[in-house]
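First up is the structure itself, then whatever we jot down about it.
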Amino acid sequence: MAEAADFQRTSASAARRWLRRTGVLLAGAPLLAGLLQLPASPTAGATERTAVADATGSSTVDVSLDSLSPSVPSDGDTLTVSGRVNNKGKQSVTDAQVGLRVGPTVNGRSSIDTAAKSNPYAGTEVGGSYVRDFAELTPGVPQSFSISVPVDDLDLGADGVYQLGVTLTGETAAQPYERILGIERTFLPWQPEAAETKTRTTFLWPLISTPHMTAETSSNEQQTRVFKDDDLAAELAPGGRLQQLLTLGKELDVTWVIDPDLLASVVAMMSGYEIQTGAETTTAGTHQAVAKQWLAELEKAVEGKEVVALPFADPDLASLAHKGTKVAGSLSHLKDATEVAATTVESILHVTPSTDYAWPANGAIDPSIVKVATSAGADTVISRSDSLKETGGLSYTPNAARPIGGGTTAVVADALLSTAFQGDMAVAGNSTLAVQEFLAQTLMITLQQPGKPRSIVVAPQRMPSASQAQTMAQALTALQGGNWSQSADLSAATEAKPDPGATTRVPSAYPSSLRKQELPPETFEQIEETQRKINKFRVILTEEDRVITPFGRALNRAMSTSWRGHEAEEVVYRYGVDAYIDELTEQVALIKKSEAKLSGRSATIPITVQNNLVQGVDHLVLRLTSEQPSRLRIGERAYSVEVSGGHSESVKFTANGRATGRYAVTAQLYTEDGQRYGDPITFDVNVTEIPPAVMLVIAGGVLLLVLAGFRMYTQRKRAAARQAEEGLDDGPEDDAEDGPEEAFHSDSETESEAESGLASPAESRADDPEQPSDPPPDTAPESTDPSGTGERVDR
């Protein structure tokens, strides 16, 4: 009732509604007086108050403003407002009417923000027949309306931002008199003539997506890329998010901000791609034509336009600054992502992009973020005014560019304009209000200092939805057709002269809400562990670029800003990259062996290296080590290895057994710098026979013992015979005369016989050709297959 009393009723229809309401009240006066004389029960009073409460207030009926055209009216235009009304109360609304109300101009940017959120003042009702009547509004049943009013009848005066209200008035059974039951407020920018000095507005148009490509490639020679899903195809298809951004953006004067990873992914789709369907299964992608068409249109759209290339995969600069710098090597990935950005965009779109800009999430910065952002070569940081807040008490919006020290420039995007299109823009009412508020804010910036040139930047959310993109395009189209703004490139905004009173101090605090979304330290730790595995793997490859490039880009994707709010998906992606390098590394391995048997003088032990990669490997060294070298000696213990793709090679080691028994042997691959590669294999070598040379030595020793025994026996026998013949007295003298000479002669003969007995068989065996009666060879023929149980090794 208080709201209703604030408005003048200037039309004849309003007067008739007043008379009708008065008649209803007079007719009900006697009954009301009688009711007042009766004692009211507590229950009845409570029920009555509840019913009245349900039917009162300006929120009883929801008023949705679905469209307002034109968004920026001029003299002679007709303003058309369309929408819906929906009775949210419990009682029907009768004698309802939708009308327009025009309020006064707002006084500043903060007033616009306040009025958009809550403002009890609805303005003055537009007279005449510019209303829409409803006999009854049933609870929960929405109904549409459309009202057209000549702009001249709105009685707009001086240039400015006017409040525009759409109200529904009506009655309920509980309160049978006319009052405002629903209202929606918006803004009407009014600048019929060109402004004396237009504001230069830079609008960033982002083409960024989430990571879609994995590090994996198919096993064919073309190495077809594998995608973790087919969501990118849906974004590129007609009606998709990226298709809408492209279609709308090419008609606007904007600065394109592109993630090179998106372009690389589209190119990969064009040449054929596969989609993961399980842990080890894929299916062929089928949207090559969609990717090809989208890329062709983009190439035309950016021709002659300013293009900013973000570092590849849009790394999360804040996460790197706060978590990644504690892990050695993390910043090298940012530098690599920056270096590859320009070449990727230029080779695909045939334009030369700028890589001078770093764009932290939500434009929030602190000293560590600025340091990291510029460490890879960028000299300009895109911030936002809710991070780099004004503290100098300026009465106007300053230029976006300002120096922040160390030769670095901060381009401060306007926070209110940049966040204007967040939320559900698929709801028509939300979209219309967002467009009108955006236009109102930009006009107010111009009106703050009419003669002072200003340069502002709008940096919307990184990945707008299709409906958000449509709303952005609608607002920007109206702005570019208005009389107070002109388009400008980001480079022009960067070069604009900074306002002396604008803040240049980088805040020391970082928003806790954004910090919670950062990548954890484990991300950067695992990325570095994966990088170490890649470095170890690459040295054995003959075509290392075929592995280094996809893995390098995958590691860039693992630290993408788009993982914010998607922690579980980030973990899955990161672990997938690490698991795949392990899988590739294991494709080059030693084939396991069972026990080997060795007999004879010496033999060779074959060790097989299997390469299941598409490309060849080299720069590998294979070593074989005996755990008991005194009993089983390995000859040459290290050999260089080179294996073609999809093949295996056997390396033969010479082994000499010195004693029978079972001895463990270990084979291990190494890189040329001495680093172990892959898992070793350990197997037993069973020495089952003594080599012939050893047998000869043993036989010779036995023969010497036999001859020595025979000599001792003959000497004693002779001595006993002489003693028997000559008697005991002559024995010693005879012995003295004959014994030494005889003994010497016997010893010489015995040694000659011994020498003759050892040398002749050995020499004869060595010189004679093989006889039919010779035993069969000790070892089986050479084989490159894995050794079987009880295998013999080659001589």
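Chain identifiers are assigned as A, B, and so on, following the order in which chains appear in the structure tokens; residues are numbered from 1 within each chain, and ligands are numbered from 1 in order of appearance.
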Quiz item: Any idea what's packed within 9 Å of Pro460 in chain A, counting only C-alpha atoms, ignoring anything in its chain fewer than 3 positions away? Could you give it as a VMD selection string?
Solution: chain A and resid 203 to 206 362 413 415 417 to 422 463 to 464 472
Go ahead and save the picked residues with C-alpha atoms, as a short mmCIF file (atom, residue, chain, number, x, y, z; two decimals), in the first residue's frame.
data_model
loop_
_atom_site.label_atom_id
_atom_site.label_comp_id
_atom_site.auth_asym_id
_atom_site.auth_seq_id
_atom_site.Cartn_x
_atom_site.Cartn_y
_atom_site.Cartn_z
CA PHE A 203 36.50 -6.46 -25.20
CA LEU A 204 38.44 -9.72 -24.88
CA TRP A 205 36.82 -12.60 -26.75
CA PRO A 206 38.18 -15.88 -25.32
CA ASN A 362 39.86 -14.02 -12.46
CA ALA A 413 39.86 -4.94 -16.58
CA ALA A 415 35.25 -5.87 -12.61
CA LEU A 417 31.66 -5.07 -16.72
CA SER A 418 33.72 -8.25 -16.78
CA THR A 419 31.38 -10.13 -14.44
CA ALA A 420 28.15 -8.81 -15.97
CA PHE A 421 27.50 -11.97 -17.99
CA GLN A 422 28.02 -14.66 -15.38
CA MET A 463 34.89 -20.18 -20.96
CA PRO A 464 31.49 -18.54 -21.53
CA MET A 472 27.76 -10.80 -24.50
#
Practice problem: Can you pull out every residue within 9 Å of Ala373 in chain A, counting only C-alpha atoms, but drop anything in the same chain fewer than 5 positions away, and send it as a ChimeraX atom specification? | Solution: /A:317-318,321,334,357-360,368,378-381
Exercise. Check range 59-196 of chain A with DSSP on the backbone and list each residue it calls strand (DSSP E or B), as a ChimeraX atom specification.
Key: /A:59,61-69,78-87,93-105,124-125,131-137,143-150,160-171,179-190
Exercise. Write out as number ranges by chain each polymer residue whose atoms come within 8 Å of Thr224 in chain A, counting only C-alpha atoms; drop sequence neighbours fewer than 5 positions from it.
Key: A: 217-219, 268, 271-274
Practice problem: For each of A:Ser602, A:Asn86, A:Ser144, A:Ser67, take the minimum atom-to-atom distance to Ile183 in chain A, counting only C-alpha atoms, then give the residue where this is smallest. | Solution: A:Asn86
